[in-house]
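run32.cif follows; it contains mmCIF, C-alpha atoms.
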data_structure
loop_
_atom_site.label_atom_id
_atom_site.label_comp_id
_atom_site.auth_asym_id
_atom_site.auth_seq_id
_atom_site.Cartn_x
_atom_site.Cartn_y
_atom_site.Cartn_z
CA MET A 293 143.82 179.10 -170.57
CA PRO A 294 142.27 181.02 -167.70
CA PHE A 295 143.83 183.93 -165.85
CA THR A 296 145.34 183.49 -162.41
CA THR A 297 144.46 186.22 -159.94
CA LYS A 298 147.46 187.26 -157.84
CA ALA A 299 145.73 190.09 -155.97
CA THR A 300 142.47 192.03 -155.84
CA ILE A 301 142.66 195.68 -154.80
CA ASN A 302 139.84 198.14 -154.18
CA SER A 303 140.27 201.34 -156.19
CA PHE A 304 137.83 204.24 -156.66
CA GLY A 305 134.82 202.05 -155.96
CA GLY A 306 135.92 199.38 -158.41
CA LYS A 307 138.49 196.59 -158.29
CA LEU A 308 141.97 196.22 -159.72
CA PHE A 309 142.97 192.63 -160.49
CA ARG A 310 146.62 191.64 -160.77
CA LEU A 311 146.59 188.73 -163.20
CA THR A 312 148.87 186.35 -165.07
CA HIS A 313 148.15 184.05 -168.00
CA PRO A 314 150.12 181.79 -170.34
CA SER A 315 150.70 183.26 -173.80
CA ALA A 316 151.22 181.05 -176.82
CA THR A 317 152.44 184.12 -178.71
CA THR A 318 155.35 184.93 -176.40
CA GLY A 319 155.83 181.43 -175.04
CA THR A 320 155.88 182.83 -171.51
CA GLU A 321 153.63 183.66 -168.59
CA MET A 322 152.45 187.26 -169.05
CA ALA A 323 151.40 189.68 -166.33
CA VAL A 324 148.47 192.04 -166.86
CA ASN A 325 146.38 194.25 -164.61
CA LEU A 326 142.66 194.80 -165.14
CA TYR A 327 140.59 197.55 -163.55
CA LEU A 328 136.84 197.01 -163.41
CA PRO A 329 134.88 200.17 -162.54
CA PRO A 330 131.97 200.06 -160.09
CA GLN A 331 129.48 200.16 -162.99
CA ALA A 332 130.78 196.79 -164.24
CA LEU A 333 130.44 195.18 -160.84
CA SER A 334 126.93 196.43 -160.16
CA SER A 335 125.28 195.69 -163.51
CA THR A 336 124.96 192.95 -166.11
CA LYS A 337 125.77 195.45 -168.88
CA LYS A 338 129.27 195.08 -170.30
CA VAL A 339 131.60 198.09 -170.11
CA PRO A 340 134.00 199.49 -172.75
CA VAL A 341 137.75 198.95 -172.39
CA LEU A 342 140.73 201.28 -172.53
CA ILE A 343 144.06 199.53 -173.15
CA TYR A 344 147.03 201.33 -171.61
CA LEU A 345 150.53 200.55 -172.96
CA SER A 346 153.41 201.30 -170.61
CA GLY A 347 156.82 202.80 -171.29
CA LEU A 348 160.40 201.57 -171.04
CA THR A 349 161.32 199.63 -167.86
CA CYS A 350 157.67 199.49 -166.74
CA SER A 351 155.36 196.68 -165.73
CA PRO A 352 151.56 196.64 -165.31
CA GLU A 353 152.07 197.94 -161.77
CA ASN A 354 153.50 201.38 -162.58
CA CYS A 355 150.55 203.11 -164.18
CA SER A 356 147.89 201.28 -162.19
CA GLU A 357 149.60 202.59 -159.02
CA LYS A 358 150.64 206.08 -160.16
CA GLY A 359 148.89 207.03 -163.41
CA PHE A 360 145.52 207.96 -161.85
CA PHE A 361 143.54 206.32 -164.67
CA GLN A 362 141.19 204.51 -162.31
CA HIS A 363 139.84 207.85 -161.07
CA GLY A 364 138.42 208.88 -164.44
CA ALA A 365 137.55 205.33 -165.42
CA SER A 366 135.42 204.90 -162.31
CA LYS A 367 133.44 208.03 -163.14
CA ARG A 368 132.85 207.09 -166.78
CA GLY A 369 132.24 203.36 -166.37
CA LEU A 370 135.33 202.28 -168.28
CA ALA A 371 137.54 199.24 -167.71
CA VAL A 372 141.31 199.68 -168.05
CA LEU A 373 143.64 196.91 -169.21
CA TYR A 374 147.34 197.27 -168.37
CA PRO A 375 149.53 194.76 -170.28
CA ASP A 376 153.23 194.15 -169.64
CA THR A 377 155.96 195.66 -171.82
CA SER A 378 157.68 192.45 -172.97
CA PRO A 379 158.01 188.74 -172.26
CA ARG A 380 160.02 188.01 -169.12
CA GLY A 381 162.25 185.26 -167.78
CA LEU A 382 163.69 184.12 -171.11
CA ASN A 383 167.33 185.03 -170.36
CA LEU A 384 168.11 185.63 -174.01
CA PRO A 385 171.57 186.96 -174.97
CA GLY A 386 171.58 190.76 -174.64
CA GLU A 387 168.09 190.83 -173.15
CA LYS A 388 169.12 192.49 -169.89
CA ASP A 389 172.20 194.42 -170.98
CA SER A 390 170.48 197.83 -171.03
CA TRP A 391 167.29 199.43 -169.72
CA ASP A 392 166.04 200.59 -173.13
CA PHE A 393 166.20 197.28 -175.03
CA GLY A 394 165.12 193.72 -174.30
CA GLU A 395 163.18 192.87 -171.16
CA ALA A 396 160.61 195.57 -170.30
CA ALA A 397 161.35 197.25 -173.64
CA GLY A 398 159.52 195.22 -176.27
CA PHE A 399 158.41 198.27 -178.33
CA TYR A 400 155.09 196.59 -179.23
CA ILE A 401 156.42 195.11 -182.46
CA ASN A 402 157.00 191.55 -183.68
CA ALA A 403 160.74 190.93 -183.72
CA THR A 404 162.19 189.27 -186.79
CA ALA A 405 165.87 189.17 -185.78
CA ALA A 406 167.39 186.41 -183.66
CA PRO A 407 167.38 185.71 -180.77
CA PHE A 408 164.21 187.76 -180.17
CA ASP A 409 162.13 186.55 -183.12
CA LYS A 410 160.59 183.54 -181.37
CA ASN A 411 159.21 185.29 -178.27
CA TYR A 412 159.18 189.06 -178.71
CA LYS A 413 155.86 189.20 -180.55
CA MET A 414 154.29 192.07 -178.66
CA GLU A 415 152.31 193.42 -181.63
CA THR A 416 150.47 190.12 -181.99
CA TYR A 417 150.17 189.77 -178.22
CA ILE A 418 148.50 193.17 -177.81
CA THR A 419 146.25 193.04 -180.88
CA ARG A 420 145.21 189.36 -180.82
CA ASP A 421 146.46 187.14 -178.02
CA LEU A 422 145.58 189.24 -174.98
CA PRO A 423 142.19 190.48 -176.29
CA ASN A 424 141.14 186.95 -177.24
CA ALA A 425 142.18 185.69 -173.82
CA ILE A 426 140.50 188.38 -171.72
CA PHE A 427 137.29 188.77 -173.72
CA ASN A 428 136.74 185.01 -173.83
CA ASP A 429 137.67 184.44 -170.20
CA GLU A 430 134.84 182.93 -168.18
CA GLU A 431 135.48 185.11 -165.13
CA PHE A 432 136.39 188.49 -166.65
CA GLY A 433 135.00 188.40 -170.19
CA ARG A 434 131.42 188.77 -168.94
CA TYR A 435 132.20 192.33 -167.81
CA LEU A 436 133.91 193.59 -170.97
CA ASP A 437 132.52 194.84 -174.29
CA ARG A 438 134.92 193.62 -176.98
CA GLU A 439 133.24 195.86 -179.59
CA LYS A 440 134.15 199.04 -177.69
CA VAL A 441 137.90 199.35 -177.19
CA SER A 442 140.24 202.36 -177.26
CA ILE A 443 144.00 202.52 -176.72
CA THR A 444 146.44 204.86 -175.02
CA GLY A 445 150.03 204.79 -173.77
CA HIS A 446 153.07 206.62 -172.48
CA SER A 447 156.50 207.07 -174.11
CA MET A 448 157.33 203.67 -175.69
CA GLY A 449 153.71 202.81 -174.95
CA GLY A 450 152.61 206.00 -176.70
CA HIS A 451 154.53 204.78 -179.73
CA GLY A 452 152.75 201.44 -179.39
CA ALA A 453 149.32 203.02 -179.04
CA LEU A 454 149.76 205.29 -182.07
CA THR A 455 151.24 202.64 -184.36
CA LEU A 456 148.79 199.88 -183.46
CA TYR A 457 145.86 202.26 -183.87
CA LEU A 458 147.13 203.42 -187.27
CA LYS A 459 147.77 199.83 -188.40
CA TYR A 460 144.58 198.31 -186.98
CA PRO A 461 141.93 201.04 -187.00
CA GLU A 462 139.19 198.40 -187.01
CA LEU A 463 140.22 197.35 -183.48
CA TYR A 464 140.06 200.71 -181.70
CA LYS A 465 137.55 203.56 -181.44
CA SER A 466 140.17 206.22 -180.60
CA VAL A 467 143.77 206.72 -179.48
CA SER A 468 145.70 208.99 -177.16
CA ALA A 469 149.31 209.20 -176.02
CA PHE A 470 151.48 210.84 -173.39
CA ALA A 471 154.95 211.88 -174.60
CA PRO A 472 155.04 209.23 -177.35
CA ILE A 473 158.15 208.19 -179.26
CA ALA A 474 156.46 209.52 -182.38
CA ASN A 475 159.20 209.08 -184.98
CA PRO A 476 161.39 206.18 -183.80
CA VAL A 477 163.31 205.73 -187.05
CA ASN A 478 164.87 209.13 -186.38
CA CYS A 479 165.64 208.91 -182.65
CA PRO A 480 168.25 206.93 -180.67
CA TRP A 481 165.72 204.85 -178.71
CA GLY A 482 163.93 203.73 -181.86
CA GLN A 483 167.06 203.10 -183.87
CA LYS A 484 168.50 200.91 -181.12
CA ALA A 485 165.29 198.92 -180.70
CA PHE A 486 164.58 198.48 -184.39
CA SER A 487 168.17 197.46 -185.12
CA GLY A 488 168.00 194.76 -182.46
CA TYR A 489 164.49 193.51 -183.16
CA LEU A 490 164.22 193.98 -186.93
CA GLY A 491 167.82 194.06 -188.16
CA GLY A 492 170.18 196.97 -188.56
CA ASP A 493 170.02 197.06 -192.36
CA ASN A 494 166.24 196.65 -192.58
CA THR A 495 165.32 200.34 -192.45
CA GLU A 496 162.36 200.05 -194.82
CA GLU A 497 160.82 197.56 -192.40
CA TRP A 498 161.42 200.02 -189.58
CA LYS A 499 159.08 202.51 -191.23
CA LYS A 500 156.18 200.07 -190.91
CA HIS A 501 156.39 200.57 -187.14
CA ASP A 502 156.78 204.36 -187.08
CA ALA A 503 153.73 206.54 -186.39
CA THR A 504 155.11 209.44 -188.43
CA GLU A 505 155.43 207.16 -191.45
CA LEU A 506 152.11 205.39 -190.86
CA VAL A 507 150.02 208.55 -190.55
CA LYS A 508 150.98 209.44 -194.12
CA GLY A 509 148.74 206.59 -195.27
CA TRP A 510 145.69 207.55 -193.18
CA THR A 511 142.56 208.03 -195.29
CA LYS A 512 141.79 211.68 -195.94
CA GLY A 513 138.50 212.72 -194.42
CA LYS A 514 138.61 209.94 -191.83
CA ASP A 515 138.74 211.35 -188.31
CA LEU A 516 142.01 210.49 -186.52
CA LYS A 517 140.31 210.70 -183.10
CA MET A 518 143.76 211.31 -181.63
CA LEU A 519 144.93 213.21 -178.53
CA ILE A 520 148.63 213.67 -177.74
CA ASP A 521 150.14 215.50 -174.75
CA VAL A 522 153.84 216.38 -174.48
CA GLY A 523 155.49 218.28 -171.62
CA THR A 524 157.79 221.12 -172.59
CA GLY A 525 159.97 220.33 -169.55
CA ASP A 526 160.46 216.72 -170.66
CA ASN A 527 164.20 216.06 -171.00
CA PHE A 528 163.58 213.25 -173.48
CA TYR A 529 161.58 215.69 -175.63
CA LYS A 530 164.46 218.17 -175.43
CA GLN A 531 166.93 215.42 -176.40
CA GLY A 532 165.02 214.56 -179.58
CA GLN A 533 163.73 211.16 -178.47
CA LEU A 534 160.03 211.96 -178.97
CA LEU A 535 159.82 214.17 -182.10
CA PRO A 536 156.07 214.98 -181.96
CA GLU A 537 156.66 217.90 -184.30
CA ASN A 538 157.64 215.43 -187.04
CA PHE A 539 154.40 213.54 -186.52
CA GLU A 540 152.34 216.73 -186.63
CA LYS A 541 154.08 217.84 -189.83
CA ALA A 542 153.44 214.47 -191.50
CA ALA A 543 149.76 214.57 -190.51
CA LYS A 544 149.38 218.07 -191.92
CA GLU A 545 151.15 217.18 -195.16
CA ALA A 546 148.91 214.12 -195.52
CA GLY A 547 145.84 216.32 -195.01
CA VAL A 548 144.62 214.38 -191.96
CA SER A 549 145.55 216.71 -189.10
CA ASP A 550 141.98 217.88 -188.41
CA GLY A 551 141.45 214.88 -186.15
CA LEU A 552 144.72 215.42 -184.26
CA THR A 553 144.86 217.34 -180.99
CA LEU A 554 148.52 217.82 -180.03
CA ARG A 555 149.07 219.81 -176.84
CA TYR A 556 152.36 221.03 -175.43
CA GLN A 557 151.95 221.25 -171.66
CA GLU A 558 154.18 224.00 -170.27
CA GLY A 559 156.84 222.82 -167.83
CA TYR A 560 155.65 219.22 -167.43
CA ASP A 561 158.23 216.43 -167.50
CA HIS A 562 158.15 212.76 -168.59
CA SER A 563 156.99 211.33 -165.27
CA TYR A 564 153.78 210.01 -163.76
CA TYR A 565 153.21 213.47 -162.26
CA PHE A 566 152.65 214.61 -165.84
CA MET A 567 150.46 211.65 -166.70
CA ALA A 568 148.35 211.85 -163.54
CA SER A 569 147.71 215.53 -164.25
CA PHE A 570 146.00 214.77 -167.56
CA ALA A 571 144.80 211.17 -167.10
CA ASP A 572 141.18 212.21 -166.62
CA GLU A 573 141.24 214.08 -169.92
CA HIS A 574 142.62 211.06 -171.76
CA VAL A 575 139.97 208.85 -170.17
CA ASP A 576 137.34 211.35 -171.29
CA HIS A 577 138.79 211.35 -174.82
CA ALA A 578 138.33 207.58 -174.96
CA ALA A 579 134.92 207.77 -173.27
CA LYS A 580 133.68 210.18 -175.92
CA TYR A 581 134.34 207.72 -178.74
CA LEU A 582 133.23 204.72 -176.71
CA GLY A 583 129.75 206.19 -176.30
CA LEU A 584 130.06 207.11 -172.63
CA LEU A 585 129.87 210.90 -173.08
#

Now that the file is in, can you turn its structure into structure tokens?
Amino acid sequence: MPFTTKATINSFGGKLFRLTHPSATTGTEMAVNLYLPPQALSSTKKVPVLIYLSGLTCSPENCSEKGFFQHGASKRGLAVLYPDTSPRGLNLPGEKDSWDFGEAAGFYINATAAPFDKNYKMETYITRDLPNAIFNDEEFGRYLDREKVSITGHSMGGHGALTLYLKYPELYKSVSAFAPIANPVNCPWGQKAFSGYLGGDNTEEWKKHDATELVKGWTKGKDLKMLIDVGTGDNFYKQGQLLPENFEKAAKEAGVSDGLTLRYQEGYDHSYYFMASFADEHVDHAAKYLGLL
């Protein structure tokens, strides 16, 4: 089914499209924003794509308005795709009881526990449903190079970017993350989400969706092509919700840390001020592996 355009907004010489489309995977209408850089609009050559996964409580609007990704993307000739963070409008039991679980908190996994198992299929939505829809779309697919895709994200979206990249390396040329939930099986956010979506006694299944566990199986000698930024002033980092040090340790013990760049940015917090400060560098990281630098 085609996308419906809700708005078209000029941004850094390109255009940001606010879109919706029906998803067979989630059984709902899904919102997504797409930024096309000026290079896409002025040439018949398709441009690479950077998928950005948002954090808890967010929609496609947050980062496209405040993350500053379009600035770097316009310079490098890179499209940016901003999916939503969960299905919406289902009114499932418990779906809106808290800000860190349910609606706008899908954690980019396929739920297996009722009542979320029928619709909360965000892993399949991000890796199959949305790409198939946008790359095959008559209006937008002609601008986008489906063979050149990288992925990034923030917080819960950083978790999503890391895990999906580690599980589906054939889909993405590189990965980066801002303040990712890097070891969810060992932090309150992850434990709450995985209990609700996967079952509280299914802890072995949890590990299949944890970047710190997944990196242990990365092939030695294969470049991780991974950039991670964490602010030292981030209260969630201080509270033990992010645990990037666990991820770094696992990568080193697996002998695959040479392709990991993990930077601790002094004094930066968890907000879009932090993200906007380093967005250009994350765009450049993707651009490097997408053949734009």

Running the PyMOL selection byres ((chain A and resi 508) around 10) on this model by hand, what would come out? Give it as JSON, numbers by chain.
{"A": [458, 503, 504, 505, 506, 507, 509, 510, 511, 512, 539, 541, 542, 543, 544, 545, 546, 547, 548]}

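The nearest approach to Asp392 in chain A among the residues A:Asn424, A:Gln483, A:Thr419, A:Thr495, with all atoms listed in the file taken into account, belongs to A:Gln483.
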
Atom pair CA of Lys530 in chain A / CA of Trp481 in chain A: separation (Å)
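It comes out at 13.8 Å.
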
Chain and number of each residue from the PyMOL selection byres ((chain A and resi 407) around 12), as number ranges by chain
A: 382-387, 394, 403-406, 408-412, 488-491

Keeping only C-alpha atoms, write the selected residues as a compact mmCIF listing (two decimals), in the frame of the given file.
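In the end it all went to selection-v2.txt:
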# COMPACT_ATOMS: atom_id res chain seq x y z
CA LEU A 382 163.69 184.12 -171.11
CA ASN A 383 167.33 185.03 -170.36
CA LEU A 384 168.11 185.63 -174.01
CA PRO A 385 171.57 186.96 -174.97
CA GLY A 386 171.58 190.76 -174.64
CA GLU A 387 168.09 190.83 -173.15
CA GLY A 394 165.12 193.72 -174.30
CA ALA A 403 160.74 190.93 -183.72
CA THR A 404 162.19 189.27 -186.79
CA ALA A 405 165.87 189.17 -185.78
CA ALA A 406 167.39 186.41 -183.66
CA PHE A 408 164.21 187.76 -180.17
CA ASP A 409 162.13 186.55 -183.12
CA LYS A 410 160.59 183.54 -181.37
CA ASN A 411 159.21 185.29 -178.27
CA TYR A 412 159.18 189.06 -178.71
CA GLY A 488 168.00 194.76 -182.46
CA TYR A 489 164.49 193.51 -183.16
CA LEU A 490 164.22 193.98 -186.93
CA GLY A 491 167.82 194.06 -188.16

Within 9 Å of Thr296 in chain A using only C-alpha atoms, minus same-chain residues under 2 positions, as a PDB file with C-alpha atoms, keeping the file's coordinate frame:
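What follows is the written file part_25.pdb:
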ATOM      1  CA  PRO A 294     142.270 181.020-167.700  1.00  0.00           C
ATOM      2  CA  LYS A 298     147.460 187.260-157.840  1.00  0.00           C
ATOM      3  CA  ARG A 310     146.620 191.640-160.770  1.00  0.00           C
ATOM      4  CA  LEU A 311     146.590 188.730-163.200  1.00  0.00           C
ATOM      5  CA  THR A 312     148.870 186.350-165.070  1.00  0.00           C
ATOM      6  CA  HIS A 313     148.150 184.050-168.000  1.00  0.00           C
TER       7      HIS A 313
END

Could you list, as a short mmCIF file (atom, residue, chain, number, x, y, z; two decimals) with C-alpha atoms, keeping the file's coordinate frame, every residue within 8 Å of Ser356 in chain A, counting only C-alpha atoms and ignoring same-chain residues fewer than 6 positions away?
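Below is the file that was written, out24.cif:
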data_model
loop_
_atom_site.label_atom_id
_atom_site.label_comp_id
_atom_site.auth_asym_id
_atom_site.auth_seq_id
_atom_site.Cartn_x
_atom_site.Cartn_y
_atom_site.Cartn_z
CA ASN A 325 146.38 194.25 -164.61
CA GLN A 362 141.19 204.51 -162.31
CA TYR A 374 147.34 197.27 -168.37
#

Quick one: which residues end up in the PyMOL selection byres ((chain A and resi 565-575) around 8) for this structure, as a list of chain:residue names?
A:Leu342, A:Lys358, A:Gly359, A:Phe360, A:Phe361, A:His363, A:Gly364, A:Ala365, A:Thr444, A:Ser468, A:Phe470, A:Leu519, A:Gly523, A:Tyr560, A:Asp561, A:His562, A:Ser563, A:Tyr564, A:Asp576, A:His577, A:Ala578, A:Ala579

Could the residues in this selection be written to a file with C-alpha atoms, as a PDB file, keeping the file's coordinate frame?
ATOM      1  CA  LEU A 342     140.730 201.280-172.530  1.00  0.00           C
ATOM      2  CA  LYS A 358     150.640 206.080-160.160  1.00  0.00           C
ATOM      3  CA  GLY A 359     148.890 207.030-163.410  1.00  0.00           C
ATOM      4  CA  PHE A 360     145.520 207.960-161.850  1.00  0.00           C
ATOM      5  CA  PHE A 361     143.540 206.320-164.670  1.00  0.00           C
ATOM      6  CA  HIS A 363     139.840 207.850-161.070  1.00  0.00           C
ATOM      7  CA  GLY A 364     138.420 208.880-164.440  1.00  0.00           C
ATOM      8  CA  ALA A 365     137.550 205.330-165.420  1.00  0.00           C
ATOM      9  CA  THR A 444     146.440 204.860-175.020  1.00  0.00           C
ATOM     10  CA  SER A 468     145.700 208.990-177.160  1.00  0.00           C
ATOM     11  CA  PHE A 470     151.480 210.840-173.390  1.00  0.00           C
ATOM     12  CA  LEU A 519     144.930 213.210-178.530  1.00  0.00           C
ATOM     13  CA  GLY A 523     155.490 218.280-171.620  1.00  0.00           C
ATOM     14  CA  TYR A 560     155.650 219.220-167.430  1.00  0.00           C
ATOM     15  CA  ASP A 561     158.230 216.430-167.500  1.00  0.00           C
ATOM     16  CA  HIS A 562     158.150 212.760-168.590  1.00  0.00           C
ATOM     17  CA  SER A 563     156.990 211.330-165.270  1.00  0.00           C
ATOM     18  CA  TYR A 564     153.780 210.010-163.760  1.00  0.00           C
ATOM     19  CA  ASP A 576     137.340 211.350-171.290  1.00  0.00           C
ATOM     20  CA  HIS A 577     138.790 211.350-174.820  1.00  0.00           C
ATOM     21  CA  ALA A 578     138.330 207.580-174.960  1.00  0.00           C
ATOM     22  CA  ALA A 579     134.920 207.770-173.270  1.00  0.00           C
TER      23      ALA A 579
END

For range 526-534 of chain A, take all atoms listed in the file, fit an axis-aligned box around them, add 5 Å to each of the six sides, then output centre and edge lengths in Å rounded to one decimal, as AutoDock Vina command-line options.
--center_x 163.5 --center_y 214.7 --center_z -175.1 --size_x 16.9 --size_y 17.0 --size_z 18.9

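Residue nearest Met414 in chain A within the list A:Ala474, A:Val341, A:Met322, A:Met518: A:Met322 [criterion: smallest interatomic distance, only C-alpha atoms].
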
Can you fill out range 372-384 of chain A with N, CA and C atoms and hand it back as a PDB file, keeping the file's coordinate frame?
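Output file selection15.pdb follows:
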ATOM      1  N   VAL A 372     139.958 199.381-167.559  1.00  0.00           N
ATOM      2  CA  VAL A 372     141.310 199.680-168.050  1.00  0.00           C
ATOM      3  C   VAL A 372     142.146 198.417-167.984  1.00  0.00           C
ATOM      4  N   LEU A 373     142.797 198.099-169.105  1.00  0.00           N
ATOM      5  CA  LEU A 373     143.640 196.910-169.210  1.00  0.00           C
ATOM      6  C   LEU A 373     145.091 197.365-169.332  1.00  0.00           C
ATOM      7  N   TYR A 374     145.941 196.866-168.423  1.00  0.00           N
ATOM      8  CA  TYR A 374     147.340 197.270-168.370  1.00  0.00           C
ATOM      9  C   TYR A 374     148.242 196.065-168.692  1.00  0.00           C
ATOM     10  N   PRO A 375     148.640 195.871-169.947  1.00  0.00           N
ATOM     11  CA  PRO A 375     149.530 194.760-170.280  1.00  0.00           C
ATOM     12  C   PRO A 375     150.977 195.033-169.834  1.00  0.00           C
ATOM     13  N   ASP A 376     151.801 194.002-169.889  1.00  0.00           N
ATOM     14  CA  ASP A 376     153.230 194.150-169.640  1.00  0.00           C
ATOM     15  C   ASP A 376     153.929 194.675-170.892  1.00  0.00           C
ATOM     16  N   THR A 377     155.216 195.013-170.738  1.00  0.00           N
ATOM     17  CA  THR A 377     155.960 195.660-171.820  1.00  0.00           C
ATOM     18  C   THR A 377     156.831 194.705-172.632  1.00  0.00           C
ATOM     19  N   SER A 378     156.895 193.445-172.226  1.00  0.00           N
ATOM     20  CA  SER A 378     157.680 192.450-172.970  1.00  0.00           C
ATOM     21  C   SER A 378     157.452 191.083-172.322  1.00  0.00           C
ATOM     22  N   PRO A 379     157.906 190.013-172.974  1.00  0.00           N
ATOM     23  CA  PRO A 379     158.010 188.740-172.260  1.00  0.00           C
ATOM     24  C   PRO A 379     159.075 188.869-171.172  1.00  0.00           C
ATOM     25  N   ARG A 380     159.024 187.991-170.199  1.00  0.00           N
ATOM     26  CA  ARG A 380     160.020 188.010-169.120  1.00  0.00           C
ATOM     27  C   ARG A 380     160.495 186.592-168.800  1.00  0.00           C
ATOM     28  N   GLY A 381     161.716 186.530-168.255  1.00  0.00           N
ATOM     29  CA  GLY A 381     162.250 185.260-167.780  1.00  0.00           C
ATOM     30  C   GLY A 381     162.884 184.383-168.839  1.00  0.00           C
ATOM     31  N   LEU A 382     163.136 184.937-170.025  1.00  0.00           N
ATOM     32  CA  LEU A 382     163.690 184.120-171.110  1.00  0.00           C
ATOM     33  C   LEU A 382     165.207 183.992-171.044  1.00  0.00           C
ATOM     34  N   ASN A 383     165.860 185.007-170.473  1.00  0.00           N
ATOM     35  CA  ASN A 383     167.330 185.030-170.360  1.00  0.00           C
ATOM     36  C   ASN A 383     168.016 184.879-171.716  1.00  0.00           C
ATOM     37  N   LEU A 384     167.502 185.622-172.687  1.00  0.00           N
ATOM     38  CA  LEU A 384     168.110 185.630-174.010  1.00  0.00           C
ATOM     39  C   LEU A 384     169.398 186.456-173.996  1.00  0.00           C
TER      40      LEU A 384
END
